[in-house]
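Below: model_35.cif (mmCIF, C-alpha atoms)
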data_upload
#
loop_
_atom_site.label_atom_id
_atom_site.label_comp_id
_atom_site.auth_asym_id
_atom_site.auth_seq_id
_atom_site.Cartn_x
_atom_site.Cartn_y
_atom_site.Cartn_z
CA MET Q 978 82.05 88.32 94.41
CA GLN Q 979 85.52 86.98 93.68
CA PRO Q 980 86.50 86.66 90.01
CA ILE Q 981 87.89 83.22 89.17
CA THR Q 982 88.71 83.67 85.49
CA PRO Q 983 87.08 85.81 82.83
CA GLY Q 984 83.52 84.58 82.50
CA ILE Q 985 83.33 82.75 85.86
CA ASP Q 986 82.34 84.41 89.13
CA LEU Q 987 82.11 82.23 92.24
CA PRO Q 988 81.24 83.81 95.62
CA LEU Q 989 83.87 83.11 98.23
CA TRP Q 990 81.28 81.66 100.60
CA ALA Q 991 80.58 78.89 98.07
CA TRP Q 992 83.97 77.36 98.87
CA GLU Q 993 82.88 77.17 102.51
CA THR Q 994 79.66 75.19 101.96
CA ALA Q 995 79.52 71.64 103.31
CA GLU Q 996 78.98 70.07 99.88
CA VAL Q 997 82.03 71.77 98.36
CA ARG Q 998 84.24 70.98 101.35
CA GLN Q 999 83.16 67.33 101.30
CA ALA Q 1000 83.85 67.12 97.57
CA LEU Q 1001 87.31 68.57 98.08
CA ARG Q 1002 88.10 66.12 100.89
CA ARG Q 1003 87.04 63.24 98.61
CA ARG Q 1004 88.92 64.79 95.67
CA ASP Q 1005 85.68 64.46 93.73
CA MET Q 1006 86.31 66.91 90.91
CA GLY Q 1007 83.01 66.05 89.26
CA ALA Q 1008 81.16 67.32 92.34
CA VAL Q 1009 83.42 70.38 92.49
CA PHE Q 1010 82.67 71.23 88.85
CA ARG Q 1011 78.94 70.77 89.45
CA CYS Q 1012 79.11 73.19 92.38
CA VAL Q 1013 81.00 75.69 90.24
CA GLN Q 1014 78.19 75.45 87.71
CA GLN Q 1015 75.55 75.81 90.43
CA TYR Q 1016 77.06 78.81 92.19
CA SER Q 1017 78.50 80.67 89.19
CA GLY Q 1018 76.30 79.60 86.27
CA ALA Q 1019 79.41 78.75 84.26
CA SER Q 1020 79.12 76.38 81.31
CA GLN Q 1021 81.28 73.29 80.89
CA ALA Q 1022 83.17 75.13 78.17
CA LYS Q 1023 83.98 78.02 80.50
CA ILE Q 1024 85.12 75.67 83.23
CA GLY Q 1025 87.29 73.86 80.69
CA ALA Q 1026 88.86 77.14 79.56
CA ALA Q 1027 89.58 78.05 83.18
CA VAL Q 1028 91.31 74.75 84.04
CA ASP Q 1029 92.85 74.09 80.60
CA MET Q 1030 90.64 71.11 79.72
CA ALA Q 1031 88.51 70.33 76.70
CA GLN Q 1032 84.77 70.69 77.25
CA GLY Q 1033 84.32 66.97 76.55
CA ARG Q 1034 86.77 66.06 79.31
CA VAL Q 1035 84.93 68.34 81.77
CA ASN Q 1036 81.67 66.63 80.78
CA GLU Q 1037 83.14 63.18 81.44
CA ILE Q 1038 84.36 64.25 84.88
CA ILE Q 1039 81.03 65.85 85.81
CA ASN Q 1040 79.11 62.73 84.79
CA GLY Q 1041 81.43 60.32 86.56
CA HIS Q 1042 82.89 58.74 83.42
CA ARG Q 1043 86.41 59.92 84.19
CA GLU Q 1044 88.26 60.63 87.44
CA VAL Q 1045 91.08 63.01 88.23
CA SER Q 1046 94.00 61.33 89.98
CA ARG Q 1047 97.16 63.21 88.99
CA LEU Q 1048 98.56 65.85 91.34
CA ASP Q 1049 99.46 68.21 88.52
CA VAL Q 1050 95.83 68.15 87.31
CA TYR Q 1051 94.56 68.96 90.82
CA GLU Q 1052 97.02 71.86 90.88
CA ARG Q 1053 95.81 73.06 87.49
CA ILE Q 1054 92.17 72.93 88.60
CA ALA Q 1055 92.95 74.74 91.86
CA ASP Q 1056 94.91 77.44 90.03
CA GLY Q 1057 92.34 77.78 87.25
CA LEU Q 1058 89.44 78.14 89.68
CA ASP Q 1059 91.49 80.42 91.96
CA MET Q 1060 90.68 78.25 94.97
CA PRO Q 1061 91.26 79.95 98.32
CA ASP Q 1062 93.98 78.32 100.35
CA ASP Q 1063 91.56 76.65 102.76
CA ALA Q 1064 89.98 74.82 99.82
CA ARG Q 1065 93.43 73.90 98.51
CA HIS Q 1066 94.35 72.43 101.91
CA LEU Q 1067 91.21 70.24 101.88
CA LEU Q 1068 92.26 69.00 98.45
CA GLY Q 1069 95.69 68.11 99.85
CA LEU Q 1070 97.54 70.94 98.12
CA ALA Q 1071 99.86 73.59 99.45
CA ALA Q 1072 98.98 77.27 99.53
CA SER Q 1073 98.78 79.09 96.22
CA ARG Q 1074 102.07 79.88 94.53
CA GLU Q 1075 101.46 83.61 94.85
CA LYS Q 1076 101.05 83.40 98.61
CA ARG Q 1077 103.97 80.99 99.01
CA SER Q 1078 106.24 83.46 97.25
CA GLY Q 1079 104.76 86.54 98.91
CA GLY Q 1080 105.99 85.76 102.42
CA ALA Q 1081 102.95 87.20 104.19
CA ALA Q 1082 103.45 87.77 107.90
CA PHE Q 1083 100.00 86.37 108.71
CA ASP Q 1084 97.81 84.24 106.48
CA LEU Q 1085 94.34 83.32 107.72
CA ALA Q 1086 94.40 80.27 105.46
CA ALA Q 1087 97.15 78.83 107.64
CA PHE Q 1088 94.38 78.37 110.23
CA PRO Q 1089 91.74 76.60 108.13
CA GLU Q 1090 89.15 76.48 110.92
CA VAL Q 1091 88.56 80.21 110.60
CA VAL Q 1092 87.17 80.41 107.09
CA ARG Q 1093 85.68 83.90 107.18
CA VAL Q 1094 85.56 87.01 109.34
CA TYR Q 1095 82.60 89.39 109.29
CA ALA Q 1096 82.70 92.95 110.62
CA ALA Q 1097 79.52 92.27 112.63
CA GLN Q 1098 76.62 89.84 112.86
CA ALA Q 1099 74.55 91.82 110.36
CA SER Q 1100 77.10 91.04 107.63
CA ALA Q 1101 76.81 87.31 108.35
CA ARG Q 1102 73.01 87.24 108.65
CA GLU Q 1103 72.24 85.56 105.33
CA GLU Q 1104 74.86 82.88 105.76
CA ILE Q 1105 73.90 82.12 109.37
CA GLN Q 1106 70.27 81.68 108.35
CA GLN Q 1107 71.25 79.44 105.43
CA GLN Q 1108 73.26 77.20 107.77
CA ALA Q 1109 70.52 77.14 110.42
CA ARG Q 1110 67.80 76.07 107.97
CA ALA Q 1111 69.79 72.96 107.05
CA ALA Q 1112 71.01 72.12 110.56
CA ARG Q 1113 70.08 69.14 112.71
CA GLU Q 1114 71.58 70.72 115.83
CA LEU Q 1115 71.45 74.39 116.77
CA ASP Q 1116 73.27 75.66 119.86
CA VAL Q 1117 73.18 79.30 120.93
CA LEU Q 1118 75.25 80.87 123.72
CA ALA Q 1119 73.91 84.36 124.39
CA VAL Q 1120 72.91 86.78 127.17
CA ARG Q 1121 69.15 87.09 126.59
CA GLY Q 1122 68.84 85.80 123.04
CA LEU Q 1123 66.03 88.09 121.91
CA GLY Q 1124 67.88 89.31 118.86
CA LEU Q 1125 68.88 85.76 117.98
CA ILE Q 1126 65.87 83.57 118.60
CA GLY Q 1127 63.37 85.03 121.08
CA LEU Q 1128 61.30 87.33 118.84
CA ASN Q 1129 59.39 86.76 115.61
CA ASP Q 1130 61.88 88.86 113.63
CA SER Q 1131 64.97 87.46 115.37
CA LEU Q 1132 67.87 86.15 113.33
CA LEU Q 1133 67.09 82.46 113.82
CA ARG Q 1134 63.36 82.41 114.56
CA ALA Q 1135 62.30 82.04 110.92
CA CYS Q 1136 64.73 79.12 110.53
CA LEU Q 1137 62.92 76.98 113.10
CA PRO Q 1138 60.08 74.56 112.27
CA ARG Q 1139 56.61 76.00 112.82
CA GLU Q 1140 54.47 72.87 112.74
CA GLN Q 1141 54.11 69.99 115.16
CA GLY Q 1142 56.60 67.20 114.55
CA GLY Q 1143 59.23 69.29 112.78
CA HIS Q 1144 62.26 67.90 110.97
CA GLY Q 1145 64.04 66.63 114.11
CA LEU Q 1146 65.95 69.80 114.93
CA ARG Q 1147 67.50 69.96 118.40
CA VAL Q 1148 67.84 73.49 119.80
CA ARG Q 1149 69.83 74.39 122.91
CA LEU Q 1150 69.79 77.97 124.14
CA LEU Q 1151 72.15 79.07 126.90
CA LEU Q 1152 71.04 82.32 128.60
CA LEU Q 1153 72.46 84.38 131.43
CA ASP Q 1154 70.71 83.66 134.73
CA PRO Q 1155 68.44 86.66 135.40
CA GLU Q 1156 69.04 86.31 139.16
CA SER Q 1157 72.84 86.10 138.97
CA ASP Q 1158 75.47 88.66 139.95
CA ALA Q 1159 76.89 88.29 136.44
CA LEU Q 1160 73.67 89.64 134.93
CA ALA Q 1161 73.81 92.68 137.19
CA GLN Q 1162 77.40 93.28 136.11
CA ARG Q 1163 76.51 92.91 132.42
CA ALA Q 1164 73.57 95.30 132.83
CA ALA Q 1165 75.92 97.90 134.27
CA GLU Q 1166 78.37 97.39 131.41
CA ILE Q 1167 75.77 98.15 128.75
CA GLY Q 1168 73.94 100.87 130.67
CA GLU Q 1169 70.71 98.95 131.13
CA SER Q 1170 68.71 98.28 134.27
CA VAL Q 1171 68.93 94.87 135.89
CA GLU Q 1172 65.16 94.57 135.69
CA SER Q 1173 65.11 95.23 131.95
CA LEU Q 1174 67.88 92.78 131.15
CA ALA Q 1175 66.44 90.09 133.42
CA SER Q 1176 62.96 90.47 131.89
CA GLY Q 1177 64.50 90.02 128.44
CA VAL Q 1178 65.93 86.67 129.49
CA ARG Q 1179 62.60 85.55 130.88
CA LEU Q 1180 60.79 86.66 127.72
CA ALA Q 1181 63.18 84.62 125.58
CA GLU Q 1182 62.52 81.57 127.75
CA ALA Q 1183 58.77 82.04 127.40
CA ARG Q 1184 59.00 82.39 123.64
CA LEU Q 1185 61.11 79.24 123.38
CA ARG Q 1186 58.46 77.28 125.29
CA GLU Q 1187 56.11 78.06 122.40
CA LEU Q 1188 58.23 75.80 120.19
CA ALA Q 1189 57.50 72.70 122.26
CA GLY Q 1190 56.31 69.99 119.91
CA THR Q 1191 57.80 71.54 116.78
CA CYS Q 1192 61.36 70.55 117.72
CA ASP Q 1193 63.47 69.47 120.68
CA VAL Q 1194 64.00 72.72 122.62
CA GLN Q 1195 66.26 72.99 125.65
CA VAL Q 1196 66.92 76.25 127.52
CA TYR Q 1197 69.60 76.64 130.20
CA ARG Q 1198 70.61 79.42 132.58
CA TYR Q 1199 74.31 79.98 133.25
CA SER Q 1200 75.74 82.37 135.86
CA MET Q 1201 79.23 83.29 134.63
CA LEU Q 1202 80.07 86.69 133.15
CA PRO Q 1203 79.40 86.36 129.41
CA THR Q 1204 82.46 86.47 127.20
CA TRP Q 1205 81.71 84.50 124.04
CA ARG Q 1206 78.62 84.67 121.88
CA VAL Q 1207 78.27 81.49 119.83
CA ILE Q 1208 75.87 80.14 117.22
CA ARG Q 1209 76.61 76.52 116.30
CA THR Q 1210 74.90 74.85 113.35
CA ASP Q 1211 76.12 71.24 113.21
CA SER Q 1212 79.84 71.53 112.31
CA THR Q 1213 79.93 75.30 111.81
CA MET Q 1214 80.15 78.05 114.43
CA PHE Q 1215 79.73 81.79 114.25
CA VAL Q 1216 81.63 83.32 117.17
CA GLY Q 1217 81.61 86.85 118.55
CA ALA Q 1218 82.47 88.35 121.92
CA PHE Q 1219 80.87 90.42 124.67
CA ASP Q 1220 82.79 93.32 126.14
CA ALA Q 1221 82.07 96.33 128.29
CA GLY Q 1222 82.23 98.48 125.17
CA TRP Q 1223 79.77 96.65 122.92
CA GLU Q 1224 76.90 94.21 122.60
CA GLY Q 1225 77.53 90.75 121.15
CA HIS Q 1226 75.92 91.49 117.78
CA GLU Q 1227 78.29 94.44 117.32
CA SER Q 1228 81.38 92.26 117.68
CA ALA Q 1229 83.36 90.95 114.73
CA CYS Q 1230 81.94 87.54 113.83
CA TYR Q 1231 84.25 84.61 113.06
CA LYS Q 1232 83.01 81.67 111.02
CA VAL Q 1233 84.72 78.57 112.46
CA MET Q 1234 84.37 75.14 110.86
CA GLU Q 1235 85.24 71.75 112.30
CA THR Q 1236 88.48 70.28 110.97
CA PRO Q 1237 90.23 67.01 111.89
CA HIS Q 1238 92.88 68.55 114.15
CA GLY Q 1239 91.83 72.16 114.70
CA PRO Q 1240 91.54 73.33 118.33
CA LEU Q 1241 89.14 76.27 117.98
CA TYR Q 1242 85.92 74.48 117.03
CA ARG Q 1243 86.58 71.69 119.51
CA GLY Q 1244 87.51 74.15 122.25
CA PHE Q 1245 84.36 76.24 121.81
CA ARG Q 1246 82.17 73.12 121.68
CA ARG Q 1247 83.79 71.74 124.81
CA MET Q 1248 83.28 75.09 126.56
CA MET Q 1249 79.59 75.15 125.63
CA GLN Q 1250 79.07 71.60 126.88
CA ALA Q 1251 80.76 72.51 130.16
CA ILE Q 1252 78.39 75.46 130.54
CA VAL Q 1253 75.40 73.18 129.88
CA ASP Q 1254 76.67 70.69 132.45
CA GLY Q 1255 76.88 73.40 135.11
CA ALA Q 1256 73.68 75.23 134.18
CA GLU Q 1257 70.06 75.02 135.30
CA ARG Q 1258 67.62 73.81 132.68
CA THR Q 1259 64.41 75.85 132.57
CA VAL Q 1260 62.74 74.58 129.39
#
What would the structure in this file look like if it were written as structure tokens?
Amino acid sequence: MQPITPGIDLPLWAWETAEVRQALRRRDMGAVFRCVQQYSGASQAKIGAAVDMAQGRVNEIINGHREVSRLDVYERIADGLDMPDDARHLLGLAASREKRSGGAAFDLAAFPEVVRVYAAQASAREEIQQQARAARELDVLAVRGLGLIGLNDSLLRACLPREQGGHGLRVRLLLLDPESDALAQRAAEIGESVESLASGVRLAEARLRELAGTCDVQVYRYSMLPTWRVIRTDSTMFVGAFDAGWEGHESACYKVMETPHGPLYRGFRRMMQAIVDGAERTV
């Protein structure tokens, strides 16, 4: 948890939710205050104390009876709520005064697409599942996908609809071709037999066929040496990497969100589409 002001605690991930980011883009301070209440449990009086406003003024803003339009008030709200710099950028503000004066050599907030970095997939599990449950599109680029979606206790399996005629979710799973040279190379890298790795891919395909009718499921086989491991839920990606020294779930996991001019999200999405275009569909 990140302390905002005495009496208000807002988790950093709350600033990264779609509803908060949309409210910031619209400069809808009423929606921002409502989210602060939702995620921190703070009262209107506590929010007012944090942003130097009377409780009555906060109430008017929350209920849509008054709007915020002055730049100095936006600054005061951002400072009072200790907004991270990515949130400030969405609101149209510069980085926080402390960071502007600190002269940091590298500031992740200068690259607002990357909104969070996890040490490994396990640290991001709860957030990935939260995003997947609300998604309309789910794309997964993996090697065999068993830990992600192929087994009952996989990361994403519980997030998928279980009844016929689900909520319209479209799932695309990109798996390494079990008959490719790239799979044999990857098996050697991780010290596993080709037969074992290939059977894992085929098992994931079989388990995905079970979802037919509950949602739109598409499974593809690609034949290039795996480098990136990607989970995309609508406009958010969780990106890791494969290497000879580790499995994909052991990699650091970057949360990347779509922004108007950012290259990372668009580049990864373009790469995934290119893989789909050159792959063989099996389900």
- For CA of Leu1241 in chain Q and CA of Asp1056 in chain Q, quote the distance in Å rounded to one decimal.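 Calculated distance between CA of Leu1241 in chain Q and CA of Asp1056 in chain Q is 28.6 Å.
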- Query: Q:Leu1188, Q:Cys1230, Q:Pro1155, Q:Gly1225: which is nearest Ser1200 in chain Q, counting all atoms listed in the file?
  - Reply: Q:Pro1155
- Message: Give me, as a count of residues only, all polymer residues having an atom no more than 6 Å from range 1157-1170 of chain Q, counting all atoms listed in the file and skipping those fewer than 5 positions away in the same chain.
- Response: 4
Once 4 Å is added on each side, what are the centre and the three edge lengths, in Å to one decimal, of the axis-aligned box enclosing the listed atoms of range 1052-1066 of chain Q? Present them as AutoDock Vina command-line options.
--center_x 93.2 --center_y 76.1 --center_z 95.0 --size_x 15.6 --size_y 16.6 --size_z 23.5
- Task: Give as number ranges by chain the residues that the PyMOL selection byres ((chain Q and resi 1196) around 8) matches when applied to the coordinates above.
- Result: Q: 1149-1152, 1182, 1185, 1194-1195, 1197-1198, 1258-1260
- Message: I'd like to see the residues matched by the PyMOL selection byres ((chain Q and resi 1234) around 12) on this file, and ideally I'd get them as a VMD selection string.
- Response: chain Q and resid 993 to 995 998 1063 1088 to 1093 1108 1208 to 1216 1231 to 1233 1235 to 1246
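Proximity to Leu1058 in chain Q was assessed for Q:Leu989, Q:Leu1128, Q:Leu1146, Q:Ala1097 counting only C-alpha atoms; the smallest distance is recorded for Q:Leu989.
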- Message: Here is a test: counting all atoms listed in the file, which residue of Q:Ile1105, Q:Ser1046, Q:Val1207, Q:Gln1021 is nearest to Arg1034 in chain Q?
- Response: Q:Gln1021
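Applied to the file shown here, the PyMOL selection byres ((chain Q and resi 1026) around 12) selects the residues Q:Ile981, Q:Thr982, Q:Pro983, Q:Gly984, Q:Ile985, Q:Ala1019, Q:Ser1020, Q:Gln1021, Q:Ala1022, Q:Lys1023, Q:Ile1024, Q:Gly1025, Q:Ala1027, Q:Val1028, Q:Asp1029, Q:Met1030, Q:Ala1031, Q:Gln1032, Q:Gly1033, Q:Arg1034, Q:Val1035, Q:Arg1053, Q:Ile1054, Q:Gly1057, Q:Leu1058.
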- Of the residues Q:Tyr1095, Q:Trp1223, Q:Tyr1199, Q:Tyr1051, which is the one nearest to Arg1004 in chain Q, using all atoms listed in the file? Q:Tyr1051
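If you look at CA of Asp986 in chain Q and CA of Ser1017 in chain Q, they are 5.4 Å away from each other.
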- What is the CA of Ser1100 in chain Q to CA of Pro988 in chain Q distance in Å? 14.6 Å
- Query: Q:Ile1038, Q:Val1148, Q:Leu1001, Q:Ala1112: which is nearest Leu1070 in chain Q, counting all atoms listed in the file?
  - Reply: Q:Leu1001
